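Since the structure comes first, as structure tokens, the remarks are kept for the end.
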Number of protein chains: 2
Amino acid sequence: MVKKALLQGFGDVDFRLLRVFRTVARCGGLAASEFELNIGRSTISRHISDLEVRLGMTLCYRGPAGFSLSGEGEKVLEATEMLLAAVDGFQNEVDDIHRNMRGTFKLAFFDLSSTNPKAHVHAAISGFETVAPEVNLELSTEPPNVIEAGVINGRYDLGIVPVHRQSAVLSYADLYSEEMILYCGQGHPCFDGVSSDLDLKRLSAFKYAGFGFNSPNMVVGQRMNFRISARVHNEEALCVLIQSGRYLGFLPDHVAAPYVAADTMRPVERDKIRYTTRLAAIVRKRPELNRKTDEFLRCLLQAHGHDRAEV
Amino acid sequence: MVKKALLQGFGDVDFRLLRVFRTVARCGGLAASEFELNIGRSTISRHISDLEVRLGMTLCYRGPAGFSLSGEGEKVLEATEMLLAAVDGFQNEVDDIHRNMRGTFKLAFFDLSSTNPKAHVHAAISGFETVAPEVNLELSTEPPNVIEAGVINGRYDLGIVPVHRQSAVLSYADLYSEEMILYCGQGHPCFDGVSSDLDLKRLSAFKYAGFGFNSPNMVVGQRMNFRISARVHNEEALCVLIQSGRYLGFLPDHVAAPYVAADTMRPVERDKIRYTTRLAAIVRKRPELNRKTDEFLRCLLQAHGHDRAEV
DNA sequence: TGAAAGGTTGCCATTTTATGAAACTTTGAT
DNA sequence: ATCAAAGTTTCATAAAATGGCAACCTTTCA
């Protein structure tokens with residue numbers, strides 16, 4: 001139909017198809033997504049191939065051999081997440097006009113802070129759930145740089161990251177701190193303690209594992225002149241490396257605690273080599289906060305004993 | 001149908017409706033948009049009221065008496081523009097994957113620079129049209145702060161603004177400069193020249209008109225201690241104020257030239273009171289540039305005699 | 001070799017949507 | 001009063017989206 005073509009334009013987007021595609025990609029296959037989507041497999045199959053025709057490219061390889069996204073498919077998936085985030089943003093706006101709190105609130109945080117006794121994110125969530133019971137939550141853990149980018153472009157509503165270099169378009173609210181201490185694993189030369197004459201400089205001969213993104217950790221590692229031989233993007237991975245007995249690395253005390261208790265990890269010069277990281281909530285400044293984000297931030301600050309004096 | 005409700009969720013967005021709404025709002029009425037949309041008025045009417053039902057609010061008042069957006073309608077329109085920009089972004093992505101250049105390129109610039117002989121934006125457009133004939137252009141003039149915000153959030157692909165405070169998420173490419181000189185209009189005490197003993201400080205007794213947003217102009221105005229009695233958001237408005245003969249104000253020399261030629265405006269202390277503004281192209285850093293933006297920037301830089309050394 | 005699992009396709013009934021024509025309503029102007 | 005313009009509503013129709021069922025194709029794995 002000519003008019004429609006005019007209105008829709010070539011390759012206009014269809015939410016339905018994109019949502020299906022995203023779900024399938026997340027589930028890793030049609031069959032798996034069947035339940036999630038609550039529609040028949042045949043329909044899903046058709047949706048996906050429709051989308052492929054519309055976009056003029058192969059999005060994923062699928063078959064009994066398994067499911068995988070094509071290179072183009074990955075790009076499209078990324079663009080899709082972006083677009084669907086914008087749709088969420090629109091619905092947020094509309095909800096805000098109604099003064100409603102519904103839809104989804106997307107929170108991203110850097111991993112392994114749940115055992116920190118100073119972190120009260122759980123309390124904030126609890127408080128938020130009370131005031132906004134209709135809101136679905138979506139939590140992810142990502143490296144701080146990804147979180148920052150995500151908050152800026154709207155993929156996340158709020159992030160919790162170690163404060164490092166502050167971005168001008170983000171607004172930071174201080175939450176809690178973490179004590180970072182240098183650890184080694186069983187089998188490491190330092191495991192049985194360092195002789196008192198082994199000065200700190202000598203430590204830099206050992207292999208060191210640190211974060212692969214710009215962070216206090218990276219700065220400290222470089223300043224102490226460590227031999228950075230492994231880069232990770234989360235603390236879980238760091239734990240594994242340290243446990244191998246081949247690497248030194250900084251971990252928050254509370255993360256290392258269980259390993260220390262099991263004596264598979266020990267601090268190195270606990271009192272001399274350490275630094276403190278401050279964790280902060282970040283939200284974007286520009287498109288002014290929506291009610292959900294505003295409210296969640298309030299809960300977060302309250303849970304961490306702030307009076308919301310400053311944002 | 002239950003499944004659909006699950007998939008679409010309450011109030012899911014329909015592009016078609018939003019596009020229609022935007023067009024109607026831009027055209028200022030159903031009848032006027034009929035031609036633009038190329039669909040019948042009855043259909044448009046139904047679309048709008050559908051949207052109102054879906055969103056649960058009145059978007060606009062319309063009738064024989066005239067057309068106007070409601071307060072909520074304005075907010076929704078804004079959110080709509082945002083969402084549709086995201087859709088454009090998606091299509092850009094897809095086009096980029098195909099290595100195509102199609103769709104719309106959105107450029108925003110600060111007004112009244114077309115008469116500047118150092119500005120070669122027209123040449124850039126000409127060059128761009130040659131390499132990307134399929135791309136539709138959308139130009140707007142806005143105050144620099146609006147342009148910056150728009151480029152950051154994707155409403156514009158590229159902006160041209162006076163360089164002032166640089167934002168960390170934007171990338172600046174220097175283009176050309178403007179000489180800003182203080183002018184007064186016919187009837188102003190300064191029109192027939194200032195007596196040599198009237199020192200510059202005395203000037204600050206006169207009323208001054210300047211930009212209402214953070215800019216070099218504002219800084220200069222404040223530093224010279226002018227009596228800022230009128231704020232404008234574009235130079236056109238400034239021209240009118242200066243012509244009134246009641247205000248002093250800075251204008252680019254090339255903008256004032258025709259008025260000076262007609263002797264309705266004269267520079268005040270042309271050689272003593274002046275400053276230079278540099279105009280730069282801004283694009284956002286984060287979601288990496290799409291081909292169209294990249295190409296346009298290239299054209300811009302080339303037109304202004306740069307070798308694209310730095311961005 | 002023969003399930004089992006993952007996907008695709010054709011077929012079909014059902015529902016939804018899109019749309020223009022024509023009749024109707026309201027308002028402002030002559 | 002009358003008319004024109006702007007919108008709304010009703011109606012009928014054509015097109016499309018939907019989704020289930022069943023048959024069919026492939027690959028994997030036992």
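Chain labels follow the order of the structure tokens: the first chain is A, the next B, and so on; residue numbering restarts at 1 in every chain, and ligands are counted from 1 in their shown order.
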
Would you write out chain B as a short mmCIF file (atom, residue, chain, number, x, y, z; two decimals) with C-alpha atoms, in the first residue's frame, after superposing it on chain A by least squares over all in-order Cα pairs?
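Listing of superposed_31.cif after writing:
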data_model
loop_
_atom_site.label_atom_id
_atom_site.label_comp_id
_atom_site.auth_asym_id
_atom_site.auth_seq_id
_atom_site.Cartn_x
_atom_site.Cartn_y
_atom_site.Cartn_z
CA MET B 1 0.43 0.64 -0.69
CA VAL B 2 2.10 3.88 -1.53
CA LYS B 3 0.84 5.96 1.34
CA LYS B 4 1.92 3.49 3.85
CA ALA B 5 5.36 3.34 2.36
CA LEU B 6 5.51 7.07 2.73
CA LEU B 7 4.48 7.01 6.30
CA GLN B 8 6.38 4.02 7.48
CA GLY B 9 9.38 4.46 5.31
CA PHE B 10 11.71 1.71 4.33
CA GLY B 11 12.44 -0.69 7.08
CA ASP B 12 10.39 0.97 9.73
CA VAL B 13 10.71 -0.65 13.04
CA ASP B 14 8.22 -2.93 14.63
CA PHE B 15 8.44 -3.18 18.36
CA ARG B 16 6.85 -6.53 18.45
CA LEU B 17 9.48 -8.06 16.23
CA LEU B 18 12.27 -6.41 18.12
CA ARG B 19 10.97 -7.57 21.44
CA VAL B 20 10.67 -11.07 20.15
CA PHE B 21 14.17 -10.90 18.78
CA ARG B 22 15.57 -9.68 22.04
CA THR B 23 13.81 -12.37 24.02
CA VAL B 24 14.93 -15.10 21.67
CA ALA B 25 18.49 -13.84 21.80
CA ARG B 26 18.40 -13.74 25.57
CA CYS B 27 16.88 -17.18 25.81
CA GLY B 28 19.22 -18.61 23.25
CA GLY B 29 16.75 -20.22 20.96
CA LEU B 30 13.18 -20.28 19.82
CA ALA B 31 12.08 -23.21 21.90
CA ALA B 32 13.45 -21.68 25.06
CA SER B 33 11.75 -18.38 24.38
CA GLU B 34 8.41 -20.00 23.66
CA PHE B 35 7.49 -20.07 27.29
CA GLU B 36 8.87 -16.62 27.97
CA LEU B 37 6.99 -15.03 25.10
CA ASN B 38 3.94 -17.13 25.57
CA ILE B 39 3.38 -17.52 21.85
CA GLY B 40 3.79 -20.49 19.59
CA ARG B 41 7.08 -21.46 18.09
CA SER B 42 5.86 -21.12 14.57
CA THR B 43 4.94 -17.54 15.23
CA ILE B 44 8.28 -16.80 16.75
CA SER B 45 10.04 -18.38 13.84
CA ARG B 46 8.11 -16.23 11.44
CA HIS B 47 8.76 -13.10 13.46
CA ILE B 48 12.47 -13.66 13.40
CA SER B 49 12.60 -14.30 9.72
CA ASP B 50 10.32 -11.32 9.11
CA LEU B 51 12.77 -9.18 10.96
CA GLU B 52 15.62 -10.61 8.97
CA VAL B 53 13.85 -9.75 5.77
CA ARG B 54 13.02 -6.25 6.93
CA LEU B 55 16.51 -5.51 8.04
CA GLY B 56 17.97 -7.34 5.09
CA MET B 57 20.41 -9.43 7.07
CA THR B 58 20.81 -12.70 8.89
CA LEU B 59 20.41 -12.15 12.59
CA CYS B 60 21.10 -15.57 13.97
CA TYR B 61 21.90 -19.10 13.03
CA ARG B 62 19.37 -21.46 14.43
CA GLY B 63 18.62 -25.09 13.98
CA PRO B 64 18.95 -28.43 15.65
CA ALA B 65 22.66 -27.79 15.88
CA GLY B 66 22.14 -24.90 18.24
CA PHE B 67 21.51 -21.20 18.36
CA SER B 68 23.89 -18.33 17.91
CA LEU B 69 23.73 -14.70 16.91
CA SER B 70 25.47 -13.59 13.78
CA GLY B 71 27.88 -10.70 13.95
CA GLU B 72 25.27 -8.42 12.51
CA GLY B 73 22.74 -9.92 14.86
CA GLU B 74 24.82 -8.84 17.81
CA LYS B 75 24.96 -5.31 16.56
CA VAL B 76 21.26 -5.27 15.93
CA LEU B 77 20.65 -6.71 19.36
CA GLU B 78 22.63 -3.90 20.86
CA ALA B 79 20.73 -1.30 18.88
CA THR B 80 17.53 -3.03 19.87
CA GLU B 81 18.30 -2.86 23.55
CA MET B 82 18.95 0.82 23.06
CA LEU B 83 15.71 1.42 21.27
CA LEU B 84 13.65 -0.55 23.71
CA ALA B 85 15.27 1.40 26.50
CA ALA B 86 14.04 4.53 24.77
CA VAL B 87 10.57 3.04 24.66
CA ASP B 88 10.80 2.45 28.37
CA GLY B 89 11.84 6.04 28.69
CA PHE B 90 8.76 7.13 26.84
CA GLN B 91 6.51 5.07 29.03
CA ASN B 92 8.28 6.44 32.05
CA GLU B 93 7.45 9.91 30.90
CA VAL B 94 3.84 9.06 30.45
CA ASP B 95 3.72 7.37 33.81
CA ASP B 96 5.35 10.37 35.36
CA ILE B 97 2.72 12.63 33.91
CA HIS B 98 0.18 10.45 35.60
CA ARG B 99 2.34 10.54 38.70
CA ASN B 100 2.44 6.78 38.56
CA MET B 101 5.32 4.54 39.35
CA ARG B 102 5.19 1.53 37.12
CA GLY B 103 7.28 -0.19 34.56
CA THR B 104 10.84 -1.22 35.10
CA PHE B 105 13.62 0.30 37.10
CA LYS B 106 17.06 -0.61 35.86
CA LEU B 107 19.89 -0.65 38.31
CA ALA B 108 23.49 -1.58 37.57
CA PHE B 109 26.23 -2.05 40.12
CA PHE B 110 29.75 -3.22 40.33
CA ASP B 111 29.92 -6.77 41.56
CA LEU B 112 30.57 -8.22 44.95
CA SER B 113 29.47 -5.48 47.18
CA SER B 114 26.60 -7.37 48.69
CA THR B 115 28.79 -8.71 51.49
CA ASN B 116 30.00 -5.27 52.46
CA PRO B 117 28.39 -4.51 55.80
CA LYS B 118 28.43 -0.84 54.92
CA ALA B 119 26.39 -1.42 51.79
CA HIS B 120 22.68 -1.19 52.32
CA VAL B 121 21.47 -1.54 48.77
CA HIS B 122 19.22 -4.35 49.89
CA ALA B 123 17.63 -2.03 52.40
CA ALA B 124 17.11 0.55 49.69
CA ILE B 125 15.45 -2.04 47.51
CA SER B 126 13.25 -3.05 50.37
CA GLY B 127 12.24 0.55 50.95
CA PHE B 128 11.66 1.10 47.28
CA GLU B 129 9.50 -1.97 47.01
CA THR B 130 7.33 -0.57 49.73
CA VAL B 131 6.68 2.76 48.07
CA ALA B 132 6.65 1.45 44.49
CA PRO B 133 5.30 -2.06 44.56
CA GLU B 134 4.26 -1.94 40.91
CA VAL B 135 7.74 -1.40 39.61
CA ASN B 136 9.71 -4.30 38.22
CA LEU B 137 13.40 -4.31 38.94
CA GLU B 138 16.19 -5.23 36.60
CA LEU B 139 19.61 -5.51 38.15
CA SER B 140 22.87 -6.06 36.35
CA THR B 141 26.47 -6.13 37.38
CA GLU B 142 28.92 -4.54 34.99
CA PRO B 143 32.31 -2.89 35.05
CA PRO B 144 32.09 0.76 36.12
CA ASN B 145 32.89 2.13 32.69
CA VAL B 146 30.03 0.14 31.19
CA ILE B 147 27.74 1.32 33.95
CA GLU B 148 28.65 4.96 33.39
CA ALA B 149 28.06 4.69 29.69
CA GLY B 150 24.82 2.87 30.33
CA VAL B 151 23.52 5.48 32.72
CA ILE B 152 24.47 8.24 30.31
CA ASN B 153 22.67 6.71 27.40
CA GLY B 154 19.69 5.57 29.39
CA ARG B 155 20.26 1.86 29.37
CA TYR B 156 20.29 2.03 33.15
CA ASP B 157 18.36 4.35 35.38
CA LEU B 158 20.87 4.33 38.18
CA GLY B 159 24.30 2.86 38.76
CA ILE B 160 26.53 2.23 41.75
CA VAL B 161 30.21 2.55 40.98
CA PRO B 162 33.52 3.24 42.65
CA VAL B 163 34.14 6.96 42.33
CA HIS B 164 37.04 7.70 40.09
CA ARG B 165 36.91 10.31 37.44
CA GLN B 166 33.61 12.04 37.56
CA SER B 167 31.72 12.75 34.42
CA ALA B 168 30.14 16.13 33.94
CA VAL B 169 26.82 14.77 32.76
CA LEU B 170 26.36 12.48 35.73
CA SER B 171 25.36 13.37 39.19
CA TYR B 172 27.10 11.50 42.01
CA ALA B 173 25.74 10.69 45.42
CA ASP B 174 28.15 9.24 47.92
CA LEU B 175 27.01 5.97 49.50
CA TYR B 176 29.62 3.90 51.30
CA SER B 177 33.25 2.92 51.19
CA GLU B 178 35.30 -0.19 50.72
CA GLU B 179 38.68 -1.02 52.19
CA MET B 180 40.89 -2.52 49.56
CA ILE B 181 43.67 -4.75 50.80
CA LEU B 182 46.30 -6.67 48.92
CA TYR B 183 45.87 -10.44 49.02
CA CYS B 184 47.71 -13.51 47.85
CA GLY B 185 46.61 -17.11 47.57
CA GLN B 186 47.92 -20.35 48.99
CA GLY B 187 51.22 -21.27 47.40
CA HIS B 188 52.26 -17.71 46.76
CA PRO B 189 55.71 -16.70 48.07
CA CYS B 190 54.03 -14.11 50.25
CA PHE B 191 51.56 -16.52 51.74
CA ASP B 192 53.60 -17.20 54.84
CA GLY B 193 54.23 -13.55 55.41
CA VAL B 194 56.90 -11.31 54.04
CA SER B 195 60.19 -11.08 55.85
CA SER B 196 60.56 -7.75 57.43
CA ASP B 197 63.45 -6.84 55.17
CA LEU B 198 61.39 -7.51 52.08
CA ASP B 199 60.51 -3.93 51.46
CA LEU B 200 57.47 -2.94 49.58
CA LYS B 201 59.30 -2.29 46.40
CA ARG B 202 60.27 -5.90 46.17
CA LEU B 203 56.59 -6.80 45.95
CA SER B 204 56.43 -5.31 42.54
CA ALA B 205 58.42 -8.25 41.26
CA PHE B 206 55.40 -10.47 41.70
CA LYS B 207 52.69 -10.75 39.15
CA TYR B 208 49.72 -8.55 39.82
CA ALA B 209 46.13 -8.83 38.74
CA GLY B 210 44.00 -5.72 38.48
CA PHE B 211 41.06 -4.20 36.77
CA GLY B 212 41.24 -3.65 33.07
CA PHE B 213 39.34 -0.37 33.16
CA ASN B 214 40.19 3.01 34.48
CA SER B 215 39.62 2.87 38.21
CA PRO B 216 41.28 3.60 41.53
CA ASN B 217 42.54 0.04 41.41
CA MET B 218 44.34 0.66 38.17
CA VAL B 219 45.84 3.87 39.42
CA VAL B 220 47.07 2.28 42.63
CA GLY B 221 48.46 -0.65 40.69
CA GLN B 222 50.39 1.63 38.41
CA ARG B 223 51.56 3.93 41.17
CA MET B 224 52.90 1.01 43.15
CA ASN B 225 54.65 -0.08 40.04
CA PHE B 226 53.16 -3.54 40.08
CA ARG B 227 53.83 -5.94 37.28
CA ILE B 228 50.34 -6.01 35.89
CA SER B 229 50.07 -9.41 34.26
CA ALA B 230 46.37 -10.06 34.39
CA ARG B 231 43.40 -7.84 33.83
CA VAL B 232 39.91 -8.63 34.97
CA HIS B 233 36.58 -6.92 34.76
CA ASN B 234 35.08 -8.04 37.99
CA GLU B 235 36.08 -9.13 41.43
CA GLU B 236 34.85 -12.64 41.08
CA ALA B 237 37.48 -13.17 38.40
CA LEU B 238 40.04 -11.51 40.62
CA CYS B 239 39.26 -13.98 43.38
CA VAL B 240 39.99 -16.86 41.09
CA LEU B 241 43.31 -15.39 39.99
CA ILE B 242 44.42 -14.69 43.53
CA GLN B 243 43.39 -18.14 44.68
CA SER B 244 45.65 -19.58 42.04
CA GLY B 245 48.56 -18.51 44.20
CA ARG B 246 50.28 -16.84 41.27
CA TYR B 247 48.96 -13.33 41.50
CA LEU B 248 48.68 -10.52 43.95
CA GLY B 249 45.58 -8.38 43.83
CA PHE B 250 43.44 -5.96 45.75
CA LEU B 251 40.11 -7.09 47.10
CA PRO B 252 37.65 -5.48 49.45
CA ASP B 253 38.18 -6.93 52.89
CA HIS B 254 34.67 -8.27 53.10
CA VAL B 255 35.03 -10.12 49.84
CA ALA B 256 38.25 -11.78 50.91
CA ALA B 257 36.98 -12.58 54.38
CA PRO B 258 35.55 -16.04 53.63
CA TYR B 259 38.72 -17.06 51.79
CA VAL B 260 40.84 -15.79 54.65
CA ALA B 261 38.69 -17.74 57.04
CA ALA B 262 39.26 -20.87 54.96
CA ASP B 263 42.92 -19.92 54.79
CA THR B 264 43.12 -20.04 51.02
CA MET B 265 43.98 -16.35 50.90
CA ARG B 266 45.96 -14.07 53.15
CA PRO B 267 46.45 -10.32 53.25
CA VAL B 268 49.87 -9.00 52.35
CA GLU B 269 51.06 -6.22 54.60
CA ARG B 270 47.50 -5.54 55.59
CA ASP B 271 48.31 -2.36 57.38
CA LYS B 272 50.71 -0.86 54.91
CA ILE B 273 49.25 -1.65 51.55
CA ARG B 274 45.68 -0.60 51.26
CA TYR B 275 43.44 2.03 49.85
CA THR B 276 39.86 3.08 50.24
CA THR B 277 37.30 3.29 47.49
CA ARG B 278 34.14 5.26 47.78
CA LEU B 279 31.05 3.91 46.12
CA ALA B 280 28.53 6.36 44.76
CA ALA B 281 25.16 6.25 43.08
CA ILE B 282 25.16 7.84 39.66
CA VAL B 283 22.22 9.15 37.71
CA ARG B 284 22.23 11.31 34.63
CA LYS B 285 21.65 14.99 35.02
CA ARG B 286 20.12 16.02 31.80
CA PRO B 287 16.73 14.56 31.02
CA GLU B 288 15.52 15.28 34.50
CA LEU B 289 15.01 12.33 36.76
CA ASN B 290 11.83 10.39 36.50
CA ARG B 291 9.88 9.64 39.59
CA LYS B 292 11.09 6.08 39.91
CA THR B 293 14.73 7.06 39.78
CA ASP B 294 14.16 9.92 42.09
CA GLU B 295 12.44 7.69 44.56
CA PHE B 296 15.02 4.96 44.37
CA LEU B 297 17.81 7.43 44.92
CA ARG B 298 15.97 8.71 47.92
CA CYS B 299 15.70 5.18 49.30
CA LEU B 300 19.38 4.58 48.64
CA LEU B 301 20.47 7.70 50.43
CA GLN B 302 18.15 7.05 53.30
CA ALA B 303 19.42 3.51 53.65
CA HIS B 304 22.94 4.87 53.85
CA GLY B 305 22.09 7.45 56.41
CA HIS B 306 22.07 10.53 54.26
CA ASP B 307 19.49 13.24 54.44
CA ARG B 308 19.41 13.81 50.76
CA ALA B 309 21.20 17.06 51.39
CA GLU B 310 23.15 16.99 48.19
CA VAL B 311 22.90 15.27 44.87
#

Report as a Markdown table the residues of chain C within 8 Å of chain A, each with its shortest atom pair and distance in Å (one decimal), using only C-alpha atoms (C1' of nucleotides), ordered by chain and increasing residue number.
| residue | atom | partner | partner_atom | distance |
| --- | --- | --- | --- | --- |
| C:DA5 | C1' | A:Pro64 | CA | 6.7 |
| C:DG6 | C1' | A:Pro64 | CA | 4.5 |
| C:DG7 | C1' | A:Gly63 | CA | 5.7 |
| C:DT8 | C1' | A:Ser45 | CA | 7.3 |

Which chain D residues have any atom within 7 Å of an atom of chain A, and for each, what is the nearest pair of atoms with distance in Å to one decimal, counting only C-alpha atoms (C1' of nucleotides), rows sorted by chain and number, as CSV?
residue,atom,partner,partner_atom,distance
D:DG19,C1',A:Thr43,CA,6.5
D:DT26,C1',A:Pro64,CA,6.7
D:DT27,C1',A:Pro64,CA,5.2

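Picture a line from atom C1' of DT28 of chain D to atom C1' of DG10 of chain C; it runs 26.6 Å.
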
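Put simply, atom C1' of DA4 of chain C is 19.8 Å away from atom C1' of DC21 of chain D.
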
Next item on the list: Any chance you could list, as a VMD selection string, the residues in segment 26-265 of chain B that come up strand (DSSP E or B) when DSSP is run on the backbone?
Entry: chain B and resid 60 to 63 66 to 69 104 to 109 136 to 141 158 to 162 170 to 185 207 to 211 227 to 232 248 to 252 265

Next item on the list: as a PyMOL selection string, please: all residues of segment 58-202 of chain B that backbone DSSP puts in alpha helix (DSSP H).
Entry: chain B and resi 71-97+121-131+144-152+200-202

Next item on the list: One decimal, Å: what's the distance from atom C1' of DT2 of chain D over to atom C1' of DA23 of chain C, could you say?
Entry: 19.1 Å

Next item on the list: Compile the contact shell of DA4 of chain D as a VMD selection string: residues with an atom at most 12 Å away, counting only C-alpha atoms (C1' of nucleotides), same-chain residues fewer than 4 positions apart removed.
Entry: (chain B and resid 64) or (chain C and resid 27 to 30)
